[in-house]
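> Below you'll find target-v8.tsv; it's TSV, C-alpha atoms.
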chain	number	residue	atom	x	y	z
A	1	MET	CA	17.82	80.80	-85.18
A	2	THR	CA	18.86	81.54	-81.62
A	3	ASP	CA	20.55	79.05	-79.34
A	4	GLU	CA	17.84	79.47	-76.74
A	5	THR	CA	15.57	76.43	-76.50
A	6	ARG	CA	12.07	76.96	-77.84
A	7	LYS	CA	9.36	76.55	-75.19
A	8	MET	CA	5.75	75.46	-75.50
A	9	ALA	CA	3.09	75.47	-72.79
A	10	PHE	CA	-0.26	73.74	-73.02
A	11	ILE	CA	-3.29	74.57	-70.89
A	12	CYS	CA	-5.65	71.59	-70.64
A	13	SER	CA	-9.09	72.75	-69.50
A	14	LYS	CA	-11.24	69.88	-70.78
A	15	GLY	CA	-11.66	66.38	-69.43
A	16	THR	CA	-13.26	64.54	-72.32
A	17	LEU	CA	-11.34	61.83	-74.13
A	18	ASP	CA	-11.15	63.77	-77.40
A	19	MET	CA	-9.81	66.85	-75.64
A	20	ALA	CA	-7.12	64.97	-73.71
A	21	TYR	CA	-5.21	63.81	-76.75
A	22	PRO	CA	-4.32	67.12	-78.47
A	23	ALA	CA	-1.90	68.18	-75.72
A	24	LEU	CA	-0.48	64.65	-75.46
A	25	VAL	CA	0.15	64.37	-79.20
A	26	MET	CA	1.47	67.90	-79.67
A	27	GLY	CA	3.48	67.83	-76.44
A	28	TRP	CA	5.09	64.55	-77.47
A	29	ALA	CA	5.86	65.95	-80.93
A	30	ALA	CA	7.37	69.06	-79.31
A	31	LEU	CA	9.61	66.96	-77.03
A	32	GLY	CA	10.65	65.00	-80.10
A	33	ASN	CA	11.84	68.25	-81.62
A	34	GLY	CA	13.89	69.26	-78.60
A	35	ILE	CA	11.33	71.78	-77.32
A	36	ASP	CA	10.71	72.42	-73.59
A	37	VAL	CA	7.16	71.39	-72.66
A	38	THR	CA	5.02	72.54	-69.72
A	39	ILE	CA	1.39	71.47	-69.25
A	40	PHE	CA	-1.03	73.20	-66.89
A	41	PHE	CA	-4.18	71.27	-66.02
A	42	THR	CA	-7.16	73.34	-64.98
A	43	PHE	CA	-10.85	72.71	-64.35
A	44	TRP	CA	-12.02	69.49	-66.06
A	45	GLY	CA	-8.54	69.08	-67.50
A	46	LEU	CA	-7.52	67.86	-64.03
A	47	ASP	CA	-9.16	64.54	-64.91
A	48	ILE	CA	-6.24	63.86	-67.25
A	49	ILE	CA	-3.84	63.74	-64.27
A	50	ARG	CA	-6.18	62.20	-61.68
A	51	LYS	CA	-5.27	58.61	-60.85
A	52	SER	CA	-8.90	57.59	-60.57
A	53	ARG	CA	-10.03	59.33	-63.73
A	54	GLN	CA	-7.33	59.43	-66.38
A	55	ASP	CA	-8.09	56.07	-67.96
A	56	HIS	CA	-11.85	56.57	-67.69
A	57	LEU	CA	-12.25	59.72	-69.79
A	58	GLU	CA	-15.26	59.59	-72.07
A	59	ILE	CA	-16.75	61.12	-75.17
A	60	ALA	CA	-20.50	61.74	-75.38
A	61	PRO	CA	-22.46	61.72	-78.64
A	62	VAL	CA	-25.11	64.10	-77.25
A	63	GLY	CA	-24.70	67.62	-78.58
A	64	ASN	CA	-21.66	66.55	-80.58
A	65	THR	CA	-22.46	67.68	-84.11
A	66	SER	CA	-19.18	66.34	-85.47
A	67	MET	CA	-19.86	62.77	-84.47
A	68	LYS	CA	-21.58	61.09	-87.41
A	69	MET	CA	-23.31	57.75	-87.83
A	70	SER	CA	-20.52	56.80	-90.24
A	71	MET	CA	-18.10	56.77	-87.29
A	72	MET	CA	-20.19	54.00	-85.79
A	73	GLY	CA	-19.67	51.97	-88.93
A	74	ILE	CA	-23.08	52.80	-90.36
A	75	ARG	CA	-22.96	54.10	-93.95
A	76	ALA	CA	-25.07	57.23	-93.63
A	77	ASP	CA	-23.02	59.97	-95.29
A	78	ASN	CA	-23.46	63.14	-93.30
A	79	ALA	CA	-26.20	61.98	-90.96
A	80	GLY	CA	-25.48	62.74	-87.33
A	81	ILE	CA	-26.35	60.71	-84.28
A	82	PRO	CA	-29.76	62.07	-83.20
A	83	ASN	CA	-29.58	63.52	-79.70
A	84	VAL	CA	-32.61	61.44	-78.78
A	85	VAL	CA	-30.50	58.35	-79.55
A	86	GLY	CA	-27.45	59.79	-77.83
A	87	VAL	CA	-29.29	60.05	-74.52
A	88	LEU	CA	-30.00	56.33	-74.41
A	89	PRO	CA	-28.15	54.49	-71.65
A	90	GLY	CA	-24.85	53.11	-72.87
A	91	MET	CA	-24.41	55.49	-75.80
A	92	THR	CA	-21.58	57.44	-74.15
A	93	ALA	CA	-19.84	54.20	-73.23
A	94	LEU	CA	-20.27	52.95	-76.80
A	95	ALA	CA	-18.86	56.14	-78.36
A	96	THR	CA	-15.97	56.03	-75.89
A	97	LYS	CA	-15.18	52.43	-76.71
A	98	LEU	CA	-15.26	53.15	-80.44
A	99	MET	CA	-12.82	56.02	-80.05
A	100	LYS	CA	-10.50	54.01	-77.81
A	101	ASP	CA	-10.53	51.11	-80.28
A	102	LYS	CA	-9.69	53.42	-83.17
A	103	MET	CA	-6.81	54.98	-81.23
A	104	GLN	CA	-5.49	51.58	-80.22
A	105	ALA	CA	-5.61	50.38	-83.82
A	106	LEU	CA	-3.35	53.31	-84.72
A	107	GLY	CA	-0.89	52.40	-81.96
A	108	VAL	CA	-1.82	55.40	-79.81
A	109	PRO	CA	-1.25	54.60	-76.12
A	110	PRO	CA	-3.95	55.09	-73.44
A	111	VAL	CA	-3.92	58.48	-71.64
A	112	SER	CA	-1.98	57.24	-68.58
A	113	GLU	CA	0.78	55.65	-70.64
A	114	TYR	CA	1.01	58.59	-73.04
A	115	LEU	CA	1.26	61.06	-70.15
A	116	GLN	CA	4.03	58.99	-68.55
A	117	MET	CA	5.94	59.06	-71.84
A	118	LEU	CA	5.77	62.86	-71.77
A	119	VAL	CA	6.98	62.95	-68.15
A	120	ASP	CA	9.86	60.60	-69.04
A	121	GLY	CA	10.67	62.87	-71.95
A	122	GLY	CA	11.01	65.82	-69.57
A	123	ALA	CA	7.59	67.52	-69.78
A	124	LYS	CA	6.64	69.41	-66.61
A	125	LEU	CA	3.07	68.94	-65.41
A	126	TYR	CA	1.23	71.26	-63.01
A	127	ALA	CA	-2.26	71.25	-61.50
A	128	CYS	CA	-4.18	74.52	-61.15
A	129	LYS	CA	-4.53	75.43	-57.47
A	130	LEU	CA	-7.92	77.11	-57.73
A	131	SER	CA	-9.43	74.12	-59.55
A	132	VAL	CA	-7.84	71.68	-57.09
A	133	ASP	CA	-9.32	73.62	-54.15
A	134	MET	CA	-12.69	73.95	-55.83
A	135	MET	CA	-12.92	70.21	-56.44
A	136	GLY	CA	-11.59	69.36	-52.99
A	137	LEU	CA	-8.67	67.34	-54.37
A	138	LYS	CA	-5.38	66.47	-52.66
A	139	PRO	CA	-1.84	66.03	-54.02
A	140	GLU	CA	-2.17	62.25	-53.62
A	141	ASP	CA	-5.10	62.23	-56.05
A	142	PHE	CA	-2.70	63.00	-58.88
A	143	VAL	CA	-0.29	60.78	-60.79
A	144	ASP	CA	3.38	60.86	-59.80
A	145	GLY	CA	4.52	62.87	-62.79
A	146	VAL	CA	2.74	66.01	-61.56
A	147	ALA	CA	5.43	68.41	-60.36
A	148	GLY	CA	3.17	70.57	-58.23
A	149	ILE	CA	-0.04	72.46	-57.60
A	150	VAL	CA	0.46	76.05	-58.67
A	151	THR	CA	-1.50	79.28	-59.11
A	152	ALA	CA	-2.25	80.86	-62.46
A	153	ALA	CA	0.31	83.56	-61.65
A	154	ASP	CA	2.98	80.90	-61.01
A	155	PHE	CA	2.17	79.33	-64.36
A	156	ILE	CA	2.46	82.68	-66.15
A	157	ASP	CA	5.83	83.23	-64.46
A	158	MET	CA	7.25	79.84	-65.34
A	159	THR	CA	6.17	80.01	-68.98
A	160	ASP	CA	7.87	83.31	-69.75
A	161	GLY	CA	8.73	83.33	-73.45
A	162	ALA	CA	6.78	80.13	-74.20
A	163	GLN	CA	4.23	79.65	-76.95
A	164	ILE	CA	0.96	79.00	-75.14
A	165	ILE	CA	-1.74	76.70	-76.45
A	166	PHE	CA	-5.14	76.60	-74.76
A	167	ILE	CA	-7.14	73.43	-75.15
B	168	MET	CA	19.76	68.06	-103.45
B	169	THR	CA	23.08	68.87	-101.84
B	170	THR	CA	26.21	66.91	-101.25
B	171	ARG	CA	28.60	67.30	-98.39
B	172	VAL	CA	31.78	65.67	-97.23
B	173	ILE	CA	31.55	63.88	-93.89
B	174	SER	CA	34.69	62.22	-92.54
B	175	GLY	CA	36.24	62.10	-95.98
B	176	LYS	CA	33.22	60.70	-97.81
B	177	THR	CA	30.95	62.63	-100.17
B	178	VAL	CA	27.29	61.94	-99.40
B	179	GLN	CA	23.94	63.28	-100.56
B	180	VAL	CA	21.95	65.14	-97.90
B	181	ASN	CA	18.61	66.95	-97.74
B	182	GLU	CA	18.14	70.55	-96.61
B	183	GLU	CA	18.15	69.48	-92.94
B	184	GLY	CA	21.38	67.53	-93.31
B	185	PHE	CA	19.83	64.03	-93.25
B	186	LEU	CA	21.48	61.50	-95.55
B	187	LEU	CA	19.35	60.76	-98.60
B	188	SER	CA	20.70	57.27	-99.11
B	189	PRO	CA	21.19	54.97	-96.10
B	190	ASP	CA	23.69	52.98	-98.20
B	191	GLU	CA	26.14	55.87	-98.15
B	192	TRP	CA	26.29	55.74	-94.35
B	193	THR	CA	29.36	54.54	-92.49
B	194	LYS	CA	30.17	54.27	-88.79
B	195	GLU	CA	32.68	57.11	-89.19
B	196	ILE	CA	29.91	59.31	-90.57
B	197	ALA	CA	27.77	58.43	-87.53
B	198	VAL	CA	30.54	59.52	-85.16
B	199	GLU	CA	30.93	62.80	-87.03
B	200	ILE	CA	27.21	63.63	-87.12
B	201	ALA	CA	26.86	62.66	-83.44
B	202	LYS	CA	29.48	65.28	-82.59
B	203	GLU	CA	27.53	67.88	-84.56
B	204	GLU	CA	24.45	66.85	-82.57
B	205	GLY	CA	26.32	67.42	-79.32
B	206	ILE	CA	27.08	63.78	-78.51
B	207	ALA	CA	30.85	63.66	-77.95
B	208	GLU	CA	31.17	59.89	-77.77
B	209	LEU	CA	28.96	57.07	-79.00
B	210	THR	CA	28.70	54.40	-76.30
B	211	PRO	CA	27.63	50.75	-76.87
B	212	GLU	CA	24.11	51.84	-75.82
B	213	HIS	CA	24.08	54.50	-78.54
B	214	TRP	CA	25.24	51.93	-81.11
B	215	LYS	CA	22.56	49.47	-80.00
B	216	VAL	CA	19.89	52.07	-80.82
B	217	ILE	CA	21.55	53.17	-84.06
B	218	GLU	CA	21.88	49.60	-85.31
B	219	TRP	CA	18.33	48.67	-84.29
B	220	CYS	CA	16.99	51.70	-86.17
B	221	ARG	CA	18.96	50.84	-89.30
B	222	GLN	CA	17.65	47.29	-89.20
B	223	ASN	CA	14.07	48.43	-88.65
B	224	ALA	CA	13.89	51.38	-91.02
B	225	VAL	CA	11.00	51.31	-93.46
B	226	ASN	CA	11.68	52.89	-96.85
B	227	GLY	CA	14.76	54.55	-95.41
B	228	ARG	CA	12.75	56.18	-92.61
B	229	SER	CA	13.84	55.69	-89.02
B	230	PRO	CA	11.35	54.23	-86.50
B	231	THR	CA	9.46	56.51	-84.09
B	232	LEU	CA	10.58	56.88	-80.48
B	233	ARG	CA	7.83	54.59	-79.22
B	234	GLN	CA	8.82	51.92	-81.72
B	235	ILE	CA	12.45	52.26	-80.59
B	236	THR	CA	11.62	51.93	-76.87
B	237	ALA	CA	9.34	48.95	-77.55
B	238	GLY	CA	11.85	47.28	-79.87
B	239	THR	CA	15.09	47.80	-77.94
B	240	GLY	CA	13.80	47.70	-74.36
B	241	ILE	CA	15.53	51.03	-73.73
B	242	SER	CA	13.19	53.32	-71.78
B	243	THR	CA	11.93	56.73	-72.88
B	244	LYS	CA	13.92	58.32	-70.04
B	245	GLU	CA	17.15	56.60	-71.15
B	246	MET	CA	16.54	57.60	-74.75
B	247	PHE	CA	16.25	61.26	-73.76
B	248	ALA	CA	19.48	60.86	-71.75
B	249	LEU	CA	21.35	59.15	-74.60
B	250	PHE	CA	20.10	61.50	-77.31
B	251	PRO	CA	18.95	64.70	-75.56
B	252	LYS	CA	16.41	67.05	-77.16
B	253	GLY	CA	14.57	64.98	-79.69
B	254	PRO	CA	15.93	61.39	-79.50
B	255	ALA	CA	14.17	59.81	-82.49
B	256	LYS	CA	15.12	62.64	-84.82
B	257	LYS	CA	18.73	62.64	-83.60
B	258	VAL	CA	19.09	58.89	-84.01
B	259	ALA	CA	17.69	59.14	-87.53
B	260	HIS	CA	20.24	61.83	-88.37
B	261	ILE	CA	23.15	59.89	-86.88
B	262	ALA	CA	22.04	56.57	-88.39
B	263	GLY	CA	21.85	58.03	-91.89
B	264	LEU	CA	18.08	57.53	-92.10
B	265	GLY	CA	15.11	59.76	-92.87
B	266	LYS	CA	13.15	61.44	-90.06
B	267	PRO	CA	10.56	59.17	-88.43
B	268	GLU	CA	6.99	59.54	-89.55
B	269	GLY	CA	4.07	59.25	-87.13
B	270	CYS	CA	2.74	60.91	-84.01
B	271	VAL	CA	3.72	58.34	-81.37
Let me see whether you can do it: turn the structure in this file into structure tokens.


Amino acid sequence: MTDETRKMAFICSKGTLDMAYPALVMGWAALGNGIDVTIFFTFWGLDIIRKSRQDHLEIAPVGNTSMKMSMMGIRADNAGIPNVVGVLPGMTALATKLMKDKMQALGVPPVSEYLQMLVDGGAKLYACKLSVDMMGLKPEDFVDGVAGIVTAADFIDMTDGAQIIFI
Amino acid sequence: MTTRVISGKTVQVNEEGFLLSPDEWTKEIAVEIAKEEGIAELTPEHWKVIEWCRQNAVNGRSPTLRQITAGTGISTKEMFALFPKGPAKKVAHIAGLGKPEGCV
């Protein structure tokens, strides 16, 4: 064991509800173990730090082979949700609500609150400059905890020696 | 199972140094472990958290950080200032409890 603090860096590239939580849960666990945490939000991952989007992330049943009928409370063993059903209006909203309810029942905070906990715990959050430019976003579109908009090269520099996890 | 002597008292600890029996804990032990954890002096705020955790431990396990902030009214930021680098784990160690279980 060295005295140097262990560092972990997460790259969040997805903006669906199920892909927002891994970095939040692991980042929070890392902070709880005294590890330095940096999170870089790129492409759709920017939704996690956008004021207007972060509490409206969704999960779609279409094309999601892991989402089974049983998750909807229907006893159907391994049967999936047929894509033809998944395309019906309201299905994405329904799947999203089910996932949010399950998380809430487990005491997991909503994305905005969870992210603020990480910021309060010392996690450093950065938005990817190329993605920000591509989507025509401005610094004021992001939540206060975001430390800056940086290039990929900046991120590589500031995470020297860190364990990097791409989500 | 190992035993060690902390501030004159022999206690049972696990491989990470956490007390195995919360009943063997004393305030003197807390002060000693806090020093090992890099906290030179335990302030009334520290004690408030330690005591709350001891009162709210389940099966000898300390509460999670989110439970502590919700229960004591002490913010996440303050907790990281009071017990830097892993507050919930440090409190558990100092309070003679097991590590918290749970992801939030």

> Identify, on the basis of all atoms listed in the file, every residue whose closest approach to stretch 209-212 of chain B does not exceed 8 Å; exclude the query and any residue fewer than 6 positions from it along the same chain; express the result as a VMD selection string.

chain B and resid 198 201 249

> Output C-alpha atoms for every residue in the selection just made, as a PDB file, in the frame of the given file.


ATOM      1  CA  VAL B 198      30.540  59.520 -85.160  1.00  0.00           C
ATOM      2  CA  ALA B 201      26.860  62.660 -83.440  1.00  0.00           C
ATOM      3  CA  LEU B 249      21.350  59.150 -74.600  1.00  0.00           C
TER       4      LEU B 249
END

> Find the spatial neighbours of A:Tyr114, counting all atoms listed in the file, within a cut-off of 9 Å - ignore same-chain residues fewer than 2 positions away - and output them as a tab-separated table (two decimals) with C-alpha atoms, keeping the file's coordinate frame.


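Once written, out.tsv looks like this:
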chain	number	residue	atom	x	y	z
A	21	TYR	CA	-5.21	63.81	-76.75
A	24	LEU	CA	-0.48	64.65	-75.46
A	25	VAL	CA	0.15	64.37	-79.20
A	28	TRP	CA	5.09	64.55	-77.47
A	108	VAL	CA	-1.82	55.40	-79.81
A	109	PRO	CA	-1.25	54.60	-76.12
A	110	PRO	CA	-3.95	55.09	-73.44
A	111	VAL	CA	-3.92	58.48	-71.64
A	112	SER	CA	-1.98	57.24	-68.58
A	116	GLN	CA	4.03	58.99	-68.55
A	117	MET	CA	5.94	59.06	-71.84
A	118	LEU	CA	5.77	62.86	-71.77
A	119	VAL	CA	6.98	62.95	-68.15
B	271	VAL	CA	3.72	58.34	-81.37

> Mind listing as a compact mmCIF listing (two decimals) with C-alpha atoms, in the coordinates of the input which residues of chain B are within 6 Å of chain A, counting all atoms listed in the file?


# COMPACT_ATOMS: atom_id res chain seq x y z
CA THR B 243 11.93 56.73 -72.88
CA LYS B 244 13.92 58.32 -70.04
CA LYS B 252 16.41 67.05 -77.16
CA GLY B 253 14.57 64.98 -79.69

> Just to confirm, what's the straight-line distance from atom CA of A:Leu125 to atom CA of B:Ile235 in Å (one decimal)?

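The value is 24.4 Å.
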
> To one decimal in Å, tell me the separation between atom CA of B:Pro254 and atom CA of A:Phe142.

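Computed distance, atom CA of B:Pro254 to atom CA of A:Phe142, equals 27.8 Å.
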
> Taking all atoms listed in the file into account, which of A:Lys102, A:Thr38, A:Lys138, A:Gly27 comes nearest A:Asp160?

A:Thr38

> In Å, with one decimal, what is the gap from atom CA of A:Thr151 to atom CA of A:Ala20?

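These two atoms are separated by 21.2 Å.
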
> Output as lines of an AutoDock Vina configuration file the centre and edge lengths (Å, one decimal) of the box along x, y and z of the file that holds every listed atom of stretch 42-46 of chain A after adding 6 Å on each side.


center_x = -9.6
center_y = 70.6
center_z = -65.8
size_x = 16.9
size_y = 17.5
size_z = 15.5

> May I have the residues within 7 Å of stretch 256-269 of chain B as a list in words, using only C-alpha atoms and disregarding those fewer than 3 positions away in the same chain?

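Here the qualifying residues turn out to be Gly32 of chain A; Phe185, Leu186, Pro189, Trp192, Ala197, Ile200, Ala201, Ile217, Arg221, Gly227, Arg228, Ser229, Pro230, Thr231, Phe250 and Gly253 of chain B.
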
> Taking (-7.9, 62.3, -65.8) as a centre in this file's frame and 10 Å as the limit, can you find every polymer residue with an atom that close, using all atoms listed in the file, and give them as a VMD selection string?

chain A and resid 14 to 17 20 41 44 to 57 111 to 112 142 to 143

> With all atoms listed in the file as the atoms that count, which of B:Cys270, B:Met246, B:Ala237, B:Ile196 lies nearest to B:Lys176?

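The answer is B:Ile196, which sits nearest to B:Lys176.
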
> Using only C-alpha atoms, can you tell me which of A:Met103, A:Met71, A:Ala79, A:Ile59 comes closest to A:Met19?

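That would be A:Ile59, the residue with the smallest distance to A:Met19.
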
> Identify, on the basis of only C-alpha atoms, every residue whose closest approach to B:Glu195 does not exceed 9 Å; exclude the query and any residue fewer than 4 positions from it along the same chain; express the result as a list in words.

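Final neighbour list, sorted by chain and number: Ile173, Ser174, Glu199 and Ile200 of chain B.
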
> Kindly output stretch 122-146 of chain A as a PDB file, keeping the file's coordinate frame, after building N, CA and C atoms.


ATOM      1  N   GLY A 122      10.618  64.552 -70.187  1.00  0.00           N
ATOM      2  CA  GLY A 122      11.010  65.820 -69.570  1.00  0.00           C
ATOM      3  C   GLY A 122       9.918  66.876 -69.497  1.00  0.00           C
ATOM      4  N   ALA A 123       8.675  66.524 -69.875  1.00  0.00           N
ATOM      5  CA  ALA A 123       7.590  67.520 -69.780  1.00  0.00           C
ATOM      6  C   ALA A 123       7.289  67.790 -68.303  1.00  0.00           C
ATOM      7  N   LYS A 124       6.986  69.045 -67.992  1.00  0.00           N
ATOM      8  CA  LYS A 124       6.640  69.410 -66.610  1.00  0.00           C
ATOM      9  C   LYS A 124       5.134  69.594 -66.516  1.00  0.00           C
ATOM     10  N   LEU A 125       4.528  68.875 -65.561  1.00  0.00           N
ATOM     11  CA  LEU A 125       3.070  68.940 -65.410  1.00  0.00           C
ATOM     12  C   LEU A 125       2.692  69.653 -64.123  1.00  0.00           C
ATOM     13  N   TYR A 126       1.696  70.534 -64.196  1.00  0.00           N
ATOM     14  CA  TYR A 126       1.230  71.260 -63.010  1.00  0.00           C
ATOM     15  C   TYR A 126      -0.295  71.239 -62.950  1.00  0.00           C
ATOM     16  N   ALA A 127      -0.813  71.174 -61.713  1.00  0.00           N
ATOM     17  CA  ALA A 127      -2.260  71.250 -61.500  1.00  0.00           C
ATOM     18  C   ALA A 127      -2.593  72.675 -61.048  1.00  0.00           C
ATOM     19  N   CYS A 128      -3.735  73.162 -61.492  1.00  0.00           N
ATOM     20  CA  CYS A 128      -4.180  74.520 -61.150  1.00  0.00           C
ATOM     21  C   CYS A 128      -4.728  74.534 -59.716  1.00  0.00           C
ATOM     22  N   LYS A 129      -4.177  75.413 -58.896  1.00  0.00           N
ATOM     23  CA  LYS A 129      -4.530  75.430 -57.470  1.00  0.00           C
ATOM     24  C   LYS A 129      -6.005  75.737 -57.228  1.00  0.00           C
ATOM     25  N   LEU A 130      -6.527  76.726 -57.926  1.00  0.00           N
ATOM     26  CA  LEU A 130      -7.920  77.110 -57.730  1.00  0.00           C
ATOM     27  C   LEU A 130      -8.868  75.948 -58.046  1.00  0.00           C
ATOM     28  N   SER A 131      -8.586  75.255 -59.163  1.00  0.00           N
ATOM     29  CA  SER A 131      -9.430  74.120 -59.550  1.00  0.00           C
ATOM     30  C   SER A 131      -9.309  72.984 -58.538  1.00  0.00           C
ATOM     31  N   VAL A 132      -8.083  72.744 -58.064  1.00  0.00           N
ATOM     32  CA  VAL A 132      -7.840  71.680 -57.090  1.00  0.00           C
ATOM     33  C   VAL A 132      -8.635  71.966 -55.811  1.00  0.00           C
ATOM     34  N   ASP A 133      -8.581  73.227 -55.355  1.00  0.00           N
ATOM     35  CA  ASP A 133      -9.320  73.620 -54.150  1.00  0.00           C
ATOM     36  C   ASP A 133     -10.821  73.515 -54.370  1.00  0.00           C
ATOM     37  N   MET A 134     -11.265  73.960 -55.532  1.00  0.00           N
ATOM     38  CA  MET A 134     -12.690  73.950 -55.830  1.00  0.00           C
ATOM     39  C   MET A 134     -13.250  72.529 -55.823  1.00  0.00           C
ATOM     40  N   MET A 135     -12.446  71.590 -56.338  1.00  0.00           N
ATOM     41  CA  MET A 135     -12.920  70.210 -56.440  1.00  0.00           C
ATOM     42  C   MET A 135     -12.557  69.388 -55.201  1.00  0.00           C
ATOM     43  N   GLY A 136     -11.936  70.037 -54.228  1.00  0.00           N
ATOM     44  CA  GLY A 136     -11.590  69.360 -52.990  1.00  0.00           C
ATOM     45  C   GLY A 136     -10.593  68.219 -53.183  1.00  0.00           C
ATOM     46  N   LEU A 137      -9.641  68.405 -54.094  1.00  0.00           N
ATOM     47  CA  LEU A 137      -8.670  67.340 -54.370  1.00  0.00           C
ATOM     48  C   LEU A 137      -7.409  67.523 -53.531  1.00  0.00           C
ATOM     49  N   LYS A 138      -6.629  66.441 -53.433  1.00  0.00           N
ATOM     50  CA  LYS A 138      -5.380  66.470 -52.660  1.00  0.00           C
ATOM     51  C   LYS A 138      -4.227  66.046 -53.563  1.00  0.00           C
ATOM     52  N   PRO A 139      -2.988  66.407 -53.175  1.00  0.00           N
ATOM     53  CA  PRO A 139      -1.840  66.030 -54.020  1.00  0.00           C
ATOM     54  C   PRO A 139      -1.805  64.544 -54.343  1.00  0.00           C
ATOM     55  N   GLU A 140      -2.227  63.698 -53.385  1.00  0.00           N
ATOM     56  CA  GLU A 140      -2.170  62.250 -53.620  1.00  0.00           C
ATOM     57  C   GLU A 140      -3.206  61.746 -54.627  1.00  0.00           C
ATOM     58  N   ASP A 141      -4.123  62.635 -55.025  1.00  0.00           N
ATOM     59  CA  ASP A 141      -5.100  62.230 -56.050  1.00  0.00           C
ATOM     60  C   ASP A 141      -4.490  62.227 -57.450  1.00  0.00           C
ATOM     61  N   PHE A 142      -3.304  62.844 -57.555  1.00  0.00           N
ATOM     62  CA  PHE A 142      -2.700  63.000 -58.880  1.00  0.00           C
ATOM     63  C   PHE A 142      -1.585  61.977 -59.143  1.00  0.00           C
ATOM     64  N   VAL A 143      -1.345  61.728 -60.416  1.00  0.00           N
ATOM     65  CA  VAL A 143      -0.290  60.780 -60.790  1.00  0.00           C
ATOM     66  C   VAL A 143       1.085  61.354 -60.416  1.00  0.00           C
ATOM     67  N   ASP A 144       2.059  60.465 -60.281  1.00  0.00           N
ATOM     68  CA  ASP A 144       3.380  60.860 -59.800  1.00  0.00           C
ATOM     69  C   ASP A 144       4.090  61.928 -60.634  1.00  0.00           C
ATOM     70  N   GLY A 145       3.811  61.936 -61.919  1.00  0.00           N
ATOM     71  CA  GLY A 145       4.520  62.870 -62.790  1.00  0.00           C
ATOM     72  C   GLY A 145       4.196  64.336 -62.567  1.00  0.00           C
ATOM     73  N   VAL A 146       3.136  64.608 -61.781  1.00  0.00           N
ATOM     74  CA  VAL A 146       2.740  66.010 -61.560  1.00  0.00           C
ATOM     75  C   VAL A 146       3.747  66.679 -60.624  1.00  0.00           C
TER      76      VAL A 146
END
